[in-house]
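Enquirer: Shown below is the structure under consideration.
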Amino acid sequence: MQGNPIAITLRTRIKDAFERSELPSYSALSRAAGMSRPVAQKLLAGQFDNSKDGPGVFSVKRMANALGTTVGHLLGEDLSSDIISQSFFTGTNRKKSVIEKLMETYWRGAGRYEAFDPLIEDCDVYSIPNADDLAPQIVRVGKRTLFAGRLGGPFQRDAQREIDQFAAEKKQDVLEFFGRVLREKTAIGNAFLDHNMVTRPARVSASNVRLGLLTQTARGQQQILLHTLPIPA
């Protein structure tokens with residue numbers, strides 16, 4: 001069975017970063033990352049290669065910190081060469097990936113929706129699904145998201161029309177991912193979309209990394225922020 005590309009990239013880059021580090025063993029890495037040895041061993045042995053969910057987002061962040069790199073690099077977002085990347089990660093002017101910024105904003109803002117104002121255009125916003133929903137319900141399209149790019153702008157109504165026409169298994173996949181976000185507050189994983197658009201003369205067939213964050217507005221309303229990143233072919 002072919003493994004998930006993002007899971008294989010994650011495992012490969014963790015191993016490469018470990019070999020460049022001064023950590024004496026994988027056990028030392030798991031301790032430095034605050035991870036249990038079974039989880040770290042499962043990840044490094046490739047047992048997440050065919051997993052739909054993969055390790056938790058906090059585990060990936062702690063492992064990136066322990067290795068002196070970034071979540072974006074471990075997930076394949078940074079396409080720079082290893083030498084350039086290492087100097088970039090340790091430099092004072094290092095730029096953070098959008099995923100890293102979103103995660104840090106979530107932690108520092110304690111999940112408050114208002115804390116994401118500077119990054120809200122990088123996210124699509126969804127309502128909390130209920131048992132009667134047959135499809136995810138999008139309430140806002142970010143101007144810098146993949147959805148906006150495919151639609152040619154942040155058109156919420158067109159976005160919902162597209163979602164309503166997703167294949168049943170795709171709608172269920174997104175709803176299940178949102179269920180994971182509700183349980184764990186944050187979730188990250190890879191996904192694939194194969195869809196003939198109904199509002200535009202185009203077809204979408206692509207793999208993505210998706211980050212889901214559970215937020216709460218000042219009025220106590222919960223919403224899910226979704227950031228997606230294309231996986232290079």
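Following the order of the structure tokens, chains are lettered A, B, ..., residues in each are numbered from 1, and ligands are numbered from 1.
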Would you list the contacts of region 132-144 of chain A as number ranges by chain, taking every protein, DNA or RNA residue within 6 Å and counting only C-alpha atoms, but skipping same-chain residues closer than 5 positions in sequence?

Expert: A: 121-127, 154, 156, 171

Enquirer: Find the residues near Phe18 (chain A): any atom within 12 Å, counting only C-alpha atoms, skip ones fewer than 2 places away on the same chain, and give them as JSON, numbers by chain.

Expert: {"A": [11, 12, 13, 14, 15, 16, 20, 21, 22, 23, 24, 25, 26, 27, 28, 29, 30, 32, 33, 44, 63, 64, 65, 66, 67, 68, 69, 74]}

Enquirer: Which residue out of A:Arg210, A:Arg180, A:Arg37, A:Arg157 has the minimum interatomic distance to Pro230 (chain A) when only C-alpha atoms are used?

Expert: A:Arg210

Enquirer: Choose the residue, out of A:Ala218, A:Ile6, A:Leu225, A:Ala40, that has the smallest atom-to-atom separation from Glu114 (chain A); count only C-alpha atoms.

Expert: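 Among the listed residues, A:Ala218 lies closest to Glu114 (chain A).
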
Enquirer: For the contact check between region 128-216 of chain A and region 97-112 of chain A, emit one row per residue of region 128-216 of chain A within 12 Å, containing the shortest atom pair and the distance in Å rounded to one decimal, counting only C-alpha atoms, chain then rising number order, as a tab-separated table.

Expert:
```
residue	atom	partner	partner_atom	distance
A:Arg144	CA	A:Val98	CA	10.9
A:Thr145	CA	A:Val98	CA	11.1
A:Lys185	CA	A:Gly111	CA	8.5
A:Thr186	CA	A:Met103	CA	8.6
A:Ala187	CA	A:Met103	CA	10.3
A:Ile188	CA	A:Ile99	CA	9.8
A:Val209	CA	A:Ile99	CA	9.9
A:Arg210	CA	A:Ile99	CA	9.2
A:Leu211	CA	A:Ile99	CA	7.3
A:Gly212	CA	A:Met103	CA	9.8
A:Leu213	CA	A:Tyr106	CA	7.6
A:Leu214	CA	A:Gly111	CA	6.7
A:Thr215	CA	A:Gly111	CA	4.8
A:Gln216	CA	A:Arg112	CA	5.1
```

Enquirer: For the structure I just gave you, how does DSSP split region 3-230 of chain A - specifically, which residues are helix (DSSP H, G or I)? Reply as JSON, numbers by chain.

Expert: {"A": [5, 6, 7, 8, 9, 10, 11, 12, 13, 14, 15, 16, 17, 18, 19, 20, 26, 27, 28, 29, 30, 31, 32, 37, 38, 39, 40, 41, 42, 43, 44, 57, 58, 59, 60, 61, 62, 63, 64, 65, 66, 67, 71, 72, 73, 74, 82, 83, 84, 85, 86, 87, 88, 89, 90, 98, 99, 100, 101, 102, 103, 104, 105, 106, 107, 108, 113, 114, 115, 116, 117, 118, 119, 120, 121, 122, 146, 147, 148, 149, 150, 151, 156, 157, 158, 159, 160, 161, 162, 163, 164, 168, 169, 170, 171, 172, 173, 174, 175, 176, 177, 178, 179, 180, 181, 182, 183, 184]}

Enquirer: Limited to C-alpha atoms, could you put the picked residues into a file as a CSV table (one decimal), in the first residue's frame?

Expert:
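After the write, again_20.csv holds the following:
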```csv
chain,number,residue,atom,x,y,z
A,5,PRO,CA,3.1,11.6,1.0
A,6,ILE,CA,2.9,14.0,3.9
A,7,ALA,CA,3.5,11.3,6.5
A,8,ILE,CA,6.5,10.0,4.6
A,9,THR,CA,7.9,13.5,4.2
A,10,LEU,CA,7.4,14.1,7.9
A,11,ARG,CA,9.2,10.9,8.9
A,12,THR,CA,12.0,11.4,6.4
A,13,ARG,CA,12.7,15.0,7.4
A,14,ILE,CA,12.6,14.2,11.1
A,15,LYS,CA,15.2,11.5,10.5
A,16,ASP,CA,17.4,13.9,8.5
A,17,ALA,CA,17.1,16.6,11.1
A,18,PHE,CA,18.0,14.1,13.8
A,19,GLU,CA,21.1,13.0,12.0
A,20,ARG,CA,22.2,16.6,11.8
A,26,TYR,CA,15.9,8.5,19.4
A,27,SER,CA,15.1,8.1,23.1
A,28,ALA,CA,16.8,11.4,23.8
A,29,LEU,CA,14.8,13.0,21.0
A,30,SER,CA,11.5,11.7,22.4
A,31,ARG,CA,12.5,13.1,25.9
A,32,ALA,CA,13.5,16.5,24.4
A,37,ARG,CA,8.8,6.7,23.4
A,38,PRO,CA,6.1,4.5,21.8
A,39,VAL,CA,4.7,7.4,19.8
A,40,ALA,CA,8.1,8.6,18.7
A,41,GLN,CA,9.1,5.0,17.8
A,42,LYS,CA,5.9,4.5,15.8
A,43,LEU,CA,6.5,7.7,13.9
A,44,LEU,CA,10.1,6.9,13.1
A,57,VAL,CA,-0.1,18.6,15.9
A,58,PHE,CA,1.4,19.5,19.3
A,59,SER,CA,3.7,16.4,19.1
A,60,VAL,CA,4.9,17.6,15.7
A,61,LYS,CA,5.5,21.1,17.0
A,62,ARG,CA,7.5,19.8,20.0
A,63,MET,CA,9.6,17.6,17.8
A,64,ALA,CA,10.4,20.4,15.5
A,65,ASN,CA,11.5,22.5,18.5
A,66,ALA,CA,13.7,19.7,19.8
A,67,LEU,CA,15.4,19.4,16.4
A,71,VAL,CA,6.7,22.4,11.5
A,72,GLY,CA,6.5,23.8,8.0
A,73,HIS,CA,9.9,22.3,7.1
A,74,LEU,CA,9.0,18.9,8.6
A,82,ASP,CA,19.0,21.6,3.5
A,83,ILE,CA,22.1,23.9,3.9
A,84,ILE,CA,20.1,27.1,3.2
A,85,SER,CA,17.3,25.8,5.5
A,86,GLN,CA,19.5,25.2,8.5
A,87,SER,CA,21.0,28.7,8.3
A,88,PHE,CA,17.6,30.1,7.8
A,89,PHE,CA,16.1,28.3,10.8
A,90,THR,CA,18.9,29.4,13.1
A,98,VAL,CA,1.6,30.1,8.0
A,99,ILE,CA,1.0,26.8,9.8
A,100,GLU,CA,3.5,27.7,12.5
A,101,LYS,CA,2.0,31.2,12.9
A,102,LEU,CA,-1.5,29.8,13.2
A,103,MET,CA,-0.4,27.3,15.8
A,104,GLU,CA,1.4,29.9,17.9
A,105,THR,CA,-1.6,32.2,17.6
A,106,TYR,CA,-3.8,29.5,18.9
A,107,TRP,CA,-1.7,28.8,21.9
A,108,ARG,CA,-1.0,32.4,22.8
A,113,TYR,CA,-11.3,33.8,17.3
A,114,GLU,CA,-10.3,37.5,17.6
A,115,ALA,CA,-6.7,36.6,18.1
A,116,PHE,CA,-6.5,35.4,14.5
A,117,ASP,CA,-7.3,38.8,12.9
A,118,PRO,CA,-3.9,39.1,11.2
A,119,LEU,CA,-4.1,35.6,9.8
A,120,ILE,CA,-7.9,35.2,9.2
A,121,GLU,CA,-7.5,35.6,5.4
A,122,ASP,CA,-5.3,32.5,5.4
A,146,LEU,CA,-6.9,27.7,-1.7
A,147,PHE,CA,-10.6,27.9,-1.9
A,148,ALA,CA,-10.5,31.6,-2.8
A,149,GLY,CA,-7.8,30.8,-5.4
A,150,ARG,CA,-9.9,28.2,-7.0
A,151,LEU,CA,-13.0,30.4,-7.0
A,156,GLN,CA,-18.8,32.1,0.3
A,157,ARG,CA,-22.0,31.2,-1.5
A,158,ASP,CA,-20.1,29.6,-4.4
A,159,ALA,CA,-17.9,27.9,-1.9
A,160,GLN,CA,-20.9,26.3,-0.2
A,161,ARG,CA,-22.3,25.3,-3.6
A,162,GLU,CA,-19.1,23.5,-4.4
A,163,ILE,CA,-19.0,21.8,-1.0
A,164,ASP,CA,-22.6,20.6,-1.4
A,168,ALA,CA,-20.5,11.8,-0.4
A,169,GLU,CA,-17.3,10.2,0.9
A,170,LYS,CA,-15.4,13.5,0.6
A,171,LYS,CA,-18.1,15.4,2.6
A,172,GLN,CA,-18.0,12.6,5.2
A,173,ASP,CA,-14.2,12.9,5.3
A,174,VAL,CA,-14.3,16.6,6.1
A,175,LEU,CA,-17.0,16.1,8.7
A,176,GLU,CA,-15.0,13.4,10.4
A,177,PHE,CA,-11.9,15.7,10.4
A,178,PHE,CA,-14.0,18.5,12.0
A,179,GLY,CA,-15.1,15.9,14.6
A,180,ARG,CA,-11.5,15.3,15.4
A,181,VAL,CA,-11.0,19.1,15.7
A,182,LEU,CA,-13.9,19.2,18.2
A,183,ARG,CA,-12.4,16.5,20.3
A,184,GLU,CA,-8.7,17.5,20.2
```

Enquirer: Distance CA of Thr70 (chain A)-CA of Asn208 (chain A), one decimal place?

Expert: 18.4 Å

Enquirer: In Å, with one decimal, what is the gap from CA of Asp194 (chain A) to CA of Gly46 (chain A)?

Expert: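 Separation of CA of Asp194 (chain A) and CA of Gly46 (chain A): 26.5 Å.
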
Enquirer: Quick one: distance from CA of Asn196 (chain A) to CA of Ile128 (chain A) in Å, one decimal?

Expert: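 These atoms are spaced 25.8 Å apart.
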